[in-house]
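Novice: Input file: protein.csv. Contents: CSV, C-alpha atoms and all ligand atoms.
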```
chain,number,residue,atom,x,y,z
A,1349,MET,CA,79.6,108.9,113.7
A,1350,SER,CA,81.4,107.2,116.7
A,1351,LYS,CA,84.5,105.2,116.0
A,1352,TYR,CA,82.5,102.1,116.9
A,1353,GLU,CA,80.0,102.9,114.2
A,1354,VAL,CA,82.7,103.6,111.7
A,1355,LEU,CA,84.2,100.2,112.3
A,1356,LYS,CA,80.8,98.5,112.4
A,1357,GLN,CA,79.9,99.9,109.0
A,1358,SER,CA,83.3,99.0,107.5
A,1359,ARG,CA,83.6,95.8,105.5
A,1360,PHE,CA,86.7,96.4,103.4
A,1361,SER,CA,90.0,98.1,104.0
A,1362,LEU,CA,93.1,98.7,101.8
A,1363,ALA,CA,95.8,96.6,103.5
A,1364,PRO,CA,98.9,98.5,104.6
A,1365,LEU,CA,101.3,98.4,101.6
A,1366,THR,CA,104.8,99.6,101.6
A,1367,ASN,CA,105.3,101.3,98.2
A,1368,LEU,CA,108.5,103.3,98.4
A,1369,GLN,CA,106.9,106.2,96.6
A,1370,SER,CA,107.4,109.0,99.1
A,1371,HIS,CA,110.3,111.4,98.9
A,1372,GLU,CA,113.7,110.4,100.2
A,1373,ASP,CA,113.3,112.7,103.2
A,1374,GLY,CA,110.0,110.9,104.2
A,1375,THR,CA,107.7,113.7,103.1
A,1376,LEU,CA,104.6,112.9,101.1
A,1377,SER,CA,105.0,112.7,97.3
A,1378,GLU,CA,102.4,113.1,94.6
A,1379,GLU,CA,102.8,109.4,93.7
A,1380,GLU,CA,102.1,108.2,97.3
A,1381,TYR,CA,99.1,110.6,97.4
A,1382,ASN,CA,97.6,109.3,94.1
A,1383,TRP,CA,98.3,105.7,95.0
A,1384,LEU,CA,96.3,105.9,98.3
A,1385,VAL,CA,93.6,108.3,97.3
A,1386,SER,CA,92.7,106.3,94.2
A,1387,ARG,CA,92.0,103.2,96.5
A,1388,ALA,CA,89.9,105.4,98.8
A,1389,GLN,CA,87.9,106.5,95.7
A,1390,GLY,CA,87.6,102.8,94.7
A,1391,GLY,CA,85.2,102.1,97.6
A,1392,PHE,CA,87.5,100.9,100.5
A,1393,ASP,CA,85.8,101.9,103.7
A,1394,LEU,CA,89.1,102.2,105.4
A,1395,THR,CA,92.4,103.1,103.8
A,1396,ILE,CA,95.5,102.1,105.7
A,1397,SER,CA,98.8,103.7,104.8
A,1398,CYS,CA,102.1,102.0,104.3
A,1399,ALA,CA,104.2,101.3,107.5
A,1400,SER,CA,105.4,104.7,108.5
A,1401,HIS,CA,108.3,105.1,110.9
A,1402,VAL,CA,107.8,106.7,114.2
A,1403,SER,CA,111.5,107.2,114.9
A,1404,LYS,CA,114.2,108.2,112.4
A,1405,ASP,CA,116.1,105.0,113.1
A,1406,GLY,CA,113.1,102.8,112.5
A,1407,GLN,CA,113.0,103.4,108.7
A,1408,GLY,CA,112.6,100.1,106.8
A,1409,TRP,CA,113.0,101.3,103.2
A,1410,PRO,CA,114.0,104.3,101.2
A,1411,GLY,CA,111.0,106.4,100.1
A,1412,GLU,CA,108.9,105.5,103.2
A,1413,LEU,CA,106.4,108.0,104.4
A,1414,ALA,CA,107.6,109.2,107.8
A,1415,CYS,CA,105.7,110.4,110.9
A,1416,TYR,CA,108.6,110.9,113.4
A,1417,ASP,CA,108.5,114.7,113.4
A,1418,ASP,CA,106.0,117.5,113.2
A,1419,LYS,CA,107.6,118.6,109.9
A,1420,PHE,CA,105.7,115.7,108.3
A,1421,THR,CA,102.3,116.8,109.5
A,1422,PRO,CA,101.4,119.0,106.5
A,1423,GLY,CA,101.9,116.1,104.1
A,1424,LEU,CA,100.1,113.7,106.4
A,1425,LYS,CA,97.2,116.2,106.6
A,1426,ARG,CA,97.0,116.5,102.8
A,1427,LEU,CA,96.8,112.7,102.5
A,1428,ALA,CA,94.2,112.3,105.3
A,1429,ASP,CA,92.1,115.1,103.6
A,1430,GLY,CA,92.3,113.4,100.2
A,1431,ILE,CA,91.2,110.0,101.7
A,1432,GLN,CA,88.4,111.6,103.6
A,1433,LYS,CA,87.1,113.6,100.6
A,1434,ALA,CA,87.0,110.3,98.7
A,1435,GLY,CA,84.6,108.9,101.4
A,1436,SER,CA,87.0,106.6,103.2
A,1437,HIS,CA,88.6,106.7,106.6
A,1438,GLY,CA,92.4,107.0,106.8
A,1439,ILE,CA,94.3,104.9,109.2
A,1440,LEU,CA,98.0,105.6,109.5
A,1441,GLN,CA,100.1,102.5,110.1
A,1442,ILE,CA,102.8,103.3,112.6
A,1443,PHE,CA,105.9,101.2,113.0
A,1444,HIS,CA,109.6,100.8,113.8
A,1445,GLY,CA,111.6,98.2,111.7
A,1446,GLY,CA,113.9,97.2,114.5
A,1447,ALA,CA,116.4,94.6,113.2
A,1448,PHE,CA,114.8,95.0,109.7
A,1449,ALA,CA,115.4,98.8,109.5
A,1450,ASP,CA,117.6,99.6,106.5
A,1451,PRO,CA,121.2,99.7,107.8
A,1452,THR,CA,122.2,102.0,104.9
A,1453,LEU,CA,119.7,104.5,106.3
A,1454,VAL,CA,119.9,104.0,110.0
A,1455,GLY,CA,123.3,102.5,110.8
A,1456,THR,CA,123.4,99.4,113.0
A,1457,PRO,CA,119.7,98.8,113.7
A,1458,MET,CA,118.4,98.2,117.2
A,1459,SER,CA,116.3,95.2,118.2
A,1460,SER,CA,115.2,93.2,121.2
A,1461,SER,CA,118.5,91.3,121.3
A,1462,ALA,CA,121.8,91.5,119.4
A,1463,GLY,CA,122.8,89.2,116.6
A,1464,TRP,CA,119.8,87.0,116.3
A,1465,ASN,CA,119.3,87.9,112.7
A,1466,GLY,CA,122.4,89.8,111.5
A,1467,ASN,CA,124.3,92.6,113.1
A,1468,GLU,CA,121.5,94.3,115.0
A,1469,ARG,CA,122.3,95.5,118.6
A,1470,GLU,CA,120.2,95.3,121.8
A,1471,ALA,CA,118.1,98.4,122.5
A,1472,THR,CA,118.8,100.0,125.9
A,1473,LEU,CA,116.1,100.7,128.4
A,1474,ASP,CA,116.3,104.4,127.6
A,1475,GLU,CA,115.8,103.7,123.9
A,1476,LEU,CA,112.7,101.7,124.7
A,1477,ASP,CA,111.3,104.5,126.8
A,1478,GLN,CA,112.0,106.8,123.8
A,1479,LEU,CA,110.3,104.4,121.4
A,1480,VAL,CA,107.2,104.3,123.6
A,1481,VAL,CA,107.1,108.1,123.5
A,1482,ASP,CA,107.7,108.1,119.7
A,1483,PHE,CA,104.7,105.9,119.0
A,1484,GLY,CA,102.6,108.2,121.1
A,1485,GLN,CA,103.8,111.3,119.3
A,1486,ALA,CA,103.2,109.7,115.9
A,1487,ALA,CA,99.6,109.0,117.0
A,1488,ARG,CA,99.1,112.5,118.2
A,1489,ARG,CA,100.4,113.8,114.8
A,1490,ALA,CA,98.1,111.5,113.0
A,1491,GLN,CA,95.1,112.8,114.9
A,1492,GLN,CA,96.1,116.4,114.4
A,1493,ALA,CA,96.5,115.7,110.7
A,1494,GLY,CA,92.9,114.5,110.4
A,1495,TRP,CA,93.4,110.7,110.2
A,1496,SER,CA,90.6,108.6,111.7
A,1497,GLY,CA,93.0,106.3,113.5
A,1498,VAL,CA,96.3,104.6,113.7
A,1499,GLU,CA,97.3,101.0,113.4
A,1500,ILE,CA,100.2,99.9,115.6
A,1501,HIS,CA,102.3,97.5,113.5
A,1502,GLY,CA,103.0,94.6,115.8
A,1503,ALA,CA,103.2,92.1,112.9
A,1504,ASN,CA,105.5,90.7,110.2
A,1505,GLY,CA,108.7,90.5,112.3
A,1506,TYR,CA,109.3,94.2,113.0
A,1507,ILE,CA,110.3,95.6,116.4
A,1508,LEU,CA,107.2,94.9,118.4
A,1509,SER,CA,107.2,91.3,117.0
A,1510,GLN,CA,110.9,91.0,117.8
A,1511,PHE,CA,110.1,91.6,121.4
A,1512,LEU,CA,107.2,89.1,121.3
A,1513,GLY,CA,109.2,86.4,119.6
A,1514,THR,CA,111.0,83.7,121.6
A,1515,ILE,CA,113.8,83.5,119.0
A,1516,SER,CA,114.4,87.2,118.5
A,1517,ASN,CA,114.1,88.1,122.2
A,1518,GLN,CA,116.8,86.7,124.4
A,1519,ARG,CA,116.8,89.6,127.0
A,1520,LYS,CA,117.3,88.9,130.6
A,1521,ASP,CA,115.6,92.1,131.9
A,1522,LEU,CA,112.0,93.2,132.3
A,1523,TYR,CA,111.4,92.9,128.5
A,1524,GLY,CA,112.5,89.3,128.0
A,1525,GLY,CA,111.7,85.8,129.2
A,1526,SER,CA,108.1,85.4,130.3
A,1527,LEU,CA,105.3,86.3,127.9
A,1528,GLU,CA,104.3,89.1,130.3
A,1529,ASN,CA,107.8,90.6,129.8
A,1530,ARG,CA,107.9,90.0,126.0
A,1531,PHE,CA,104.5,91.7,125.8
A,1532,ARG,CA,105.6,94.7,127.9
A,1533,LEU,CA,106.8,96.9,125.0
A,1534,LEU,CA,103.7,96.4,122.9
A,1535,ASN,CA,101.6,97.0,126.0
A,1536,ARG,CA,103.4,100.2,126.8
A,1537,VAL,CA,103.1,101.3,123.2
A,1538,VAL,CA,99.4,100.9,123.2
A,1539,GLU,CA,99.1,102.8,126.5
A,1540,SER,CA,101.2,105.6,125.1
A,1541,VAL,CA,99.2,105.8,121.9
A,1542,LYS,CA,95.9,105.8,123.8
A,1543,ALA,CA,97.1,108.6,126.1
A,1544,ALA,CA,98.2,110.7,123.2
A,1545,VAL,CA,94.9,110.8,121.4
A,1546,ASP,CA,91.3,111.3,122.4
A,1547,GLU,CA,88.6,108.7,122.8
A,1548,SER,CA,87.1,109.3,119.3
A,1549,PHE,CA,90.3,108.2,117.6
A,1550,ILE,CA,90.6,104.6,116.3
A,1551,VAL,CA,93.5,102.6,117.7
A,1552,GLY,CA,94.1,99.2,116.0
A,1553,VAL,CA,97.0,96.7,116.4
A,1554,ARG,CA,98.3,94.5,113.7
A,1555,LEU,CA,99.6,91.1,114.8
A,1556,SER,CA,101.1,88.0,113.2
A,1557,PRO,CA,99.6,85.3,115.4
A,1558,GLU,CA,102.2,82.8,114.3
A,1559,ASP,CA,105.5,83.1,112.5
A,1560,GLY,CA,105.0,84.0,108.9
A,1561,PHE,CA,106.8,82.4,106.0
A,1562,ARG,CA,109.6,84.9,105.8
A,1563,ARG,CA,110.7,86.2,109.1
A,1564,LYS,CA,111.1,83.7,112.0
A,1565,VAL,CA,111.0,85.5,115.3
A,1566,GLY,CA,109.4,82.7,117.3
A,1567,ILE,CA,105.8,83.7,117.6
A,1568,VAL,CA,103.5,80.9,118.7
A,1569,LEU,CA,99.7,80.8,118.7
A,1570,GLU,CA,99.3,80.2,122.5
A,1571,ASP,CA,101.2,83.4,123.2
A,1572,SER,CA,99.2,85.3,120.6
A,1573,LEU,CA,95.9,84.2,122.1
A,1574,GLN,CA,97.0,85.6,125.5
A,1575,VAL,CA,98.2,88.8,123.9
A,1576,ILE,CA,94.8,89.3,122.3
A,1577,ALA,CA,93.1,88.6,125.6
A,1578,GLY,CA,95.5,91.2,127.1
A,1579,PHE,CA,94.1,93.8,124.7
A,1580,LYS,CA,90.7,93.6,126.4
A,1581,ASP,CA,91.8,96.0,129.1
A,1582,LEU,CA,93.8,98.3,126.8
A,1583,GLY,CA,91.0,99.7,124.8
A,1584,VAL,CA,92.2,98.4,121.4
A,1585,ASP,CA,89.4,99.0,118.8
A,1586,TYR,CA,90.4,96.4,116.2
A,1587,ILE,CA,92.9,93.7,115.8
A,1588,HIS,CA,94.3,93.2,112.3
A,1589,ILE,CA,95.7,89.7,111.6
A,1590,SER,CA,98.4,89.4,109.1
A,1591,ALA,CA,98.0,85.9,107.9
A,1592,TRP,CA,98.7,85.8,104.1
A,1593,ASP,CA,95.9,83.3,103.9
A,1594,VAL,CA,92.7,84.0,105.9
A,1595,PHE,CA,91.4,80.5,105.4
A,1596,LYS,CA,94.4,78.7,106.9
A,1597,LYS,CA,94.5,76.3,109.8
A,1598,PRO,CA,97.0,77.1,112.6
A,1599,ASN,CA,100.6,76.0,111.8
A,1600,GLU,CA,100.7,74.1,115.0
A,1601,TYR,CA,97.4,72.3,114.6
A,1602,PRO,CA,97.0,71.6,110.8
A,1603,HIS,CA,94.0,69.3,111.5
A,1604,HIS,CA,92.2,71.5,113.9
A,1605,GLU,CA,88.4,71.6,113.1
A,1606,LYS,CA,88.5,75.4,113.2
A,1607,THR,CA,90.4,77.9,111.0
A,1608,LEU,CA,93.0,80.2,112.6
A,1609,MET,CA,90.6,83.1,112.2
A,1610,GLU,CA,87.8,81.4,114.1
A,1611,ILE,CA,90.2,80.5,116.9
A,1612,LEU,CA,91.4,84.1,117.2
A,1613,LYS,CA,87.9,85.5,117.0
A,1614,GLU,CA,86.9,83.5,120.1
A,1615,ALA,CA,89.8,85.0,122.1
A,1616,MET,CA,88.7,88.6,121.3
A,1617,ALA,CA,86.7,91.0,123.5
A,1618,PRO,CA,83.1,91.4,122.2
A,1619,ARG,CA,83.3,95.0,121.0
A,1620,THR,CA,86.7,94.6,119.4
A,1621,PHE,CA,86.7,94.2,115.6
A,1622,LEU,CA,88.6,91.5,113.8
A,1623,MET,CA,90.3,92.6,110.6
A,1624,ALA,CA,92.3,90.2,108.5
A,1625,ALA,CA,94.2,90.1,105.2
A,1626,GLY,CA,95.4,87.3,103.0
A,1627,GLY,CA,94.3,85.9,99.7
A,1628,ILE,CA,91.0,87.6,99.0
A,1629,TRP,CA,90.5,88.1,95.2
A,1630,THR,CA,86.8,87.4,94.5
A,1631,LYS,CA,83.4,88.2,95.9
A,1632,GLU,CA,83.1,84.5,96.8
A,1633,ASP,CA,86.4,84.6,98.8
A,1634,ALA,CA,85.1,87.7,100.7
A,1635,GLU,CA,81.8,86.0,101.6
A,1636,LYS,CA,83.5,82.9,102.8
A,1637,ALA,CA,85.9,85.0,104.9
A,1638,PHE,CA,83.1,86.9,106.5
A,1639,SER,CA,81.4,83.6,107.4
A,1640,LEU,CA,84.5,82.8,109.6
A,1641,GLY,CA,83.7,85.8,111.8
A,1642,ILE,CA,86.1,88.3,110.2
A,1643,ASP,CA,84.5,91.8,110.5
A,1644,ILE,CA,86.7,93.7,108.1
A,1645,LEU,CA,88.6,92.3,105.2
A,1646,ALA,CA,91.8,94.0,104.2
A,1647,LEU,CA,93.0,93.6,100.6
A,1648,GLY,CA,96.6,93.9,99.5
A,1649,LYS,CA,97.7,92.4,96.2
A,1650,ALA,CA,94.1,92.4,94.7
A,1651,ALA,CA,93.8,96.1,95.6
A,1652,ILE,CA,97.1,97.0,94.0
A,1653,VAL,CA,95.9,95.7,90.6
A,1654,ASN,CA,92.2,96.5,91.1
A,1655,PRO,CA,92.0,100.0,92.7
A,1656,SER,CA,88.2,99.9,92.6
A,1657,TRP,CA,87.9,96.4,93.8
A,1658,VAL,CA,85.0,97.1,96.2
A,1659,GLN,CA,82.9,98.9,93.6
A,1660,GLU,CA,83.7,96.8,90.6
A,1661,VAL,CA,84.4,93.3,91.9
A,1662,TYR,CA,82.4,93.1,95.1
A,1663,ASN,CA,79.5,95.4,94.3
A,1664,HIS,CA,79.1,94.8,90.5
A,1665,GLY,CA,80.4,91.3,90.1
A,1666,LYS,CA,83.2,92.2,87.6
A,1667,GLU,CA,86.0,89.6,87.2
A,1668,PRO,CA,89.1,90.8,89.1
A,1669,GLN,CA,92.4,91.5,87.3
A,1670,LYS,CA,94.7,88.7,88.5
A,1671,LEU,CA,98.5,88.3,88.6
A,1672,PRO,CA,100.9,88.6,86.9
A,1673,VAL,CA,100.4,92.0,85.4
A,1674,SER,CA,102.4,94.1,83.0
A,1675,GLU,CA,104.3,97.3,84.0
A,1676,SER,CA,102.0,99.3,81.8
A,1677,LEU,CA,98.9,98.1,83.7
A,1678,LEU,CA,100.7,99.0,86.9
A,1679,ARG,CA,101.3,102.5,85.7
A,1680,ASP,CA,97.6,102.8,84.9
A,1681,VAL,CA,96.7,102.0,88.5
A,1682,HIS,CA,99.0,104.6,90.1
A,1683,VAL,CA,101.9,102.3,90.7
A,1684,SER,CA,105.1,104.3,89.8
A,1685,GLN,CA,108.3,102.7,88.7
A,1686,LYS,CA,109.8,102.5,92.2
A,1687,PHE,CA,106.8,100.6,93.5
A,1688,ALA,CA,106.7,98.4,90.4
A,1689,ASP,CA,110.4,97.5,91.0
A,1690,TYR,CA,109.6,96.6,94.6
A,1691,LEU,CA,106.8,94.4,93.5
A,1692,ARG,CA,109.2,92.3,91.5
A,1693,ASN,CA,110.3,90.9,95.0
A,1694,PHE,CA,107.0,89.1,95.2
A,1695,PRO,CA,106.8,86.0,93.1
A,1696,GLU,CA,104.7,86.2,89.9
A,1697,PHE,CA,103.6,89.7,90.4
A,1698,VAL,CA,105.0,91.6,87.4
A,1699,LYS,CA,105.3,90.0,83.9
B,1,LIG,C1,104.0,95.1,98.3
B,1,LIG,C2,103.6,94.8,99.7
B,1,LIG,C3,103.9,95.6,100.7
B,1,LIG,C4,103.4,95.4,102.0
B,1,LIG,N1,103.7,96.3,103.0
B,1,LIG,C5,103.1,96.1,104.2
B,1,LIG,C6,103.3,97.1,105.2
B,1,LIG,O1,103.8,98.2,105.0
B,1,LIG,N2,102.7,96.8,106.4
B,1,LIG,C7,102.1,95.6,106.7
B,1,LIG,O2,101.6,95.5,107.8
B,1,LIG,N3,101.9,94.7,105.8
B,1,LIG,C8,102.4,94.9,104.5
B,1,LIG,N4,102.2,94.0,103.6
B,1,LIG,C9,101.3,92.8,103.8
B,1,LIG,C10,99.9,93.1,103.4
B,1,LIG,O3,99.3,94.2,104.2
B,1,LIG,C11,98.9,91.9,103.4
B,1,LIG,O4,98.8,91.5,104.7
B,1,LIG,C12,99.4,90.8,102.5
B,1,LIG,O5,99.8,91.3,101.2
B,1,LIG,C13,98.4,89.7,102.4
B,1,LIG,O6,97.2,90.2,101.8
B,1,LIG,P1,96.8,89.9,100.2
B,1,LIG,O7,96.8,88.4,100.0
B,1,LIG,O8,95.5,90.5,100.1
B,1,LIG,O9,97.9,90.6,99.4
B,1,LIG,C14,102.7,94.2,102.3
B,1,LIG,C15,102.4,93.3,101.2
B,1,LIG,C16,102.8,93.6,99.9
B,1,LIG,C17,102.5,92.6,98.8
```
Taking this structure as input, can you express it in the form of structure tokens?

Specialist:
Amino acid sequence: MSKYEVLKQSRFSLAPLTNLQSHEDGTLSEEEYNWLVSRAQGGFDLTISCASHVSKDGQGWPGELACYDDKFTPGLKRLADGIQKAGSHGILQIFHGGAFADPTLVGTPMSSSAGWNGNEREATLDELDQLVVDFGQAARRAQQAGWSGVEIHGANGYILSQFLGTISNQRKDLYGGSLENRFRLLNRVVESVKAAVDESFIVGVRLSPEDGFRRKVGIVLEDSLQVIAGFKDLGVDYIHISAWDVFKKPNEYPHHEKTLMEILKEAMAPRTFLMAAGGIWTKEDAEKAFSLGIDILALGKAAIVNPSWVQEVYNHGKEPQKLPVSESLLRDVHVSQKFADYLRNFPEFVK
């Protein structure tokens, strides 16, 4: 099946979910394997991994699955095989945390500019060249390990967002100022990834089209529409919108007649797929979201507590388990103690 057909037939994806369950050295653990493979078995057409760091100094959290070296390939292969055997397509989410890399793991983190958020420093031009190479190498590893694709994480305030953002990017060189310059790093990353894999391999990009509720980097909708238009020439197969609420109106135009997703869909090239995540719990939510033009729905929180959401809730009309949930329920759905502790950061998740 061509990648176009794979995406065309896909309706649901597991959203990328950081779960802290891999080993301290970034190699795959049994817990991370069981967590993802059980969602693949539950009927998700695509199974996206947690954000996985492409450079050692991009690590966001302890216990994060790594992809910055060939030594991680055997674990990545085992995971891709497990997902594939379950009948799903594995997509590795590749990222660098930038200013939000964990300083206890990486030292002073690098970012677009220094000091806009904390004590991050400005990345040098050589470091940016290396980062572009690192993204490409991570994609090459993912393909060699048998993943169906990669998702370049340009959302949620991490390094690629930091370059796009007008608050986080105060650079005076070729990577700062105009949108063309702020887009340069993401543009080069996509080119590097495309050059490192063959045409059969899916390349998606995740974007936050406006600032989210947590990290303010200065992303505005007008810029995002141009970025999306810019992907037309880069051969991006899908654009994954991180919105937290797929039904929302744009922040800047709360009374717009169209929803944010409808506006974004109009800016996209015809053969590019729109994936989006945010607030899908029931079959009715999913049908309503598809009617906005979203091609593939990604589920995060609902898929954590309903591993077989597609089979049970969407296909068989079962009532979904809602939040909050007990720790014992989480254990039953392959959420280990470390992940359960992390979920306590999200309001009303764990009883
Ligand atoms: C525990 C947790 C971890 C997350 N980790 C990631 C991540 O690694 N990469 C990413 O792009 N988004 C991440 N997200 C955002 C989700 O992919 C998703 O966009 C968000 O949860 C909204 O969808 P939902 O309402 O279905 O949960 C995370 C969200 C949660 C709750």

Novice: Name the residues, by chain letter and number, that sit within 6 Å of ligand LIG 1 (chain B) using all atoms listed in the file, and give them as a list in words.

Specialist: Ala1363, Pro1364, Leu1365, Thr1366, Cys1398, Ala1399, Ser1590, Trp1592, Ala1625, Gly1626, Gly1627, Ile1628, Leu1647, Gly1648, Lys1649, Ala1650 and Leu1691 of chain A

Novice: Quick one: residues within 8 Å of stretch 1574-1582 of chain A, only C-alpha atoms counted, chain neighbours fewer than 2 positions away excluded, as a list of chain:residue names?

Specialist: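 Returned residues: A:Phe1531, A:Asn1535, A:Val1538, A:Glu1539, A:Glu1570, A:Asp1571, A:Ser1572, A:Val1584, A:Ala1615, A:Met1616, A:Ala1617.
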
Novice: Output C-alpha atoms for every residue in that selection, as a PDB file, keeping the file's coordinate frame.

Specialist:
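The resulting file, result.pdb, is reproduced below:
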```pdb
ATOM      1  CA  PHE A1531     104.500  91.700 125.800  1.00  0.00           C
ATOM      2  CA  ASN A1535     101.600  97.000 126.000  1.00  0.00           C
ATOM      3  CA  VAL A1538      99.400 100.900 123.200  1.00  0.00           C
ATOM      4  CA  GLU A1539      99.100 102.800 126.500  1.00  0.00           C
ATOM      5  CA  GLU A1570      99.300  80.200 122.500  1.00  0.00           C
ATOM      6  CA  ASP A1571     101.200  83.400 123.200  1.00  0.00           C
ATOM      7  CA  SER A1572      99.200  85.300 120.600  1.00  0.00           C
ATOM      8  CA  VAL A1584      92.200  98.400 121.400  1.00  0.00           C
ATOM      9  CA  ALA A1615      89.800  85.000 122.100  1.00  0.00           C
ATOM     10  CA  MET A1616      88.700  88.600 121.300  1.00  0.00           C
ATOM     11  CA  ALA A1617      86.700  91.000 123.500  1.00  0.00           C
TER      12      ALA A1617
END
```

Novice: For atom CA of A:Pro1410 and atom CA of A:Ala1471, quote the distance in Å rounded to one decimal.

Specialist: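 Separation of atom CA of A:Pro1410 and atom CA of A:Ala1471: 22.5 Å.
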
Novice: Suppose you want the space between atom CA of A:Glu1380 and atom CA of A:Asn1367; what is it in Å?

Specialist: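 Computed distance, atom CA of A:Glu1380 to atom CA of A:Asn1367, equals 7.7 Å.
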
Novice: Write out as a list in words which residues come within 10 Å of A:Tyr1352 when counting all atoms listed in the file, dropping same-chain ones fewer than 2 positions away.

Specialist: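 Counting only the stated atoms, we get Met1349, Ser1350, Val1354, Leu1355, Lys1356, Gln1357, Ser1358, Ser1548, Phe1549, Ile1550, Asp1585, Tyr1586, Arg1619, Thr1620 and Phe1621 of chain A.
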
Novice: When you draw a straight line from atom CA of A:Ser1509 to atom CA of A:Asp1546, how long is it in Å?

Specialist: 26.1 Å

Novice: A:Ala1487, A:Leu1384, A:Val1698, A:Leu1394: which is nearest A:Arg1359, counting all atoms listed in the file?

Specialist: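 Of all the options, A:Leu1394 lies closest to A:Arg1359.
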
Novice: Quick one: residues within 10 Å of stretch 1412-1422 of chain A, only C-alpha atoms counted, chain neighbours fewer than 6 positions away excluded, as JSON, numbers by chain?

Specialist: {"A": [1366, 1367, 1368, 1369, 1370, 1371, 1372, 1373, 1374, 1375, 1376, 1377, 1380, 1397, 1398, 1399, 1400, 1401, 1402, 1403, 1404, 1405, 1406, 1428, 1440, 1441, 1442, 1443, 1482, 1483, 1485, 1486, 1487, 1488, 1489, 1490, 1491, 1492, 1493, 1494]}

Novice: Would you mind telling me which residue in A:Asn1529, A:Ser1639, A:Ser1386, A:Thr1630 lies nearest to A:Val1661 when using only C-alpha atoms?

Specialist: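 Among the listed residues, the smallest separation from A:Val1661 belongs to A:Thr1630.
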
Novice: From the options A:Phe1511, A:Trp1383, A:Phe1360, A:Tyr1662, which residue's atoms come nearest to A:Val1681, counting only C-alpha atoms?

Specialist: A:Trp1383
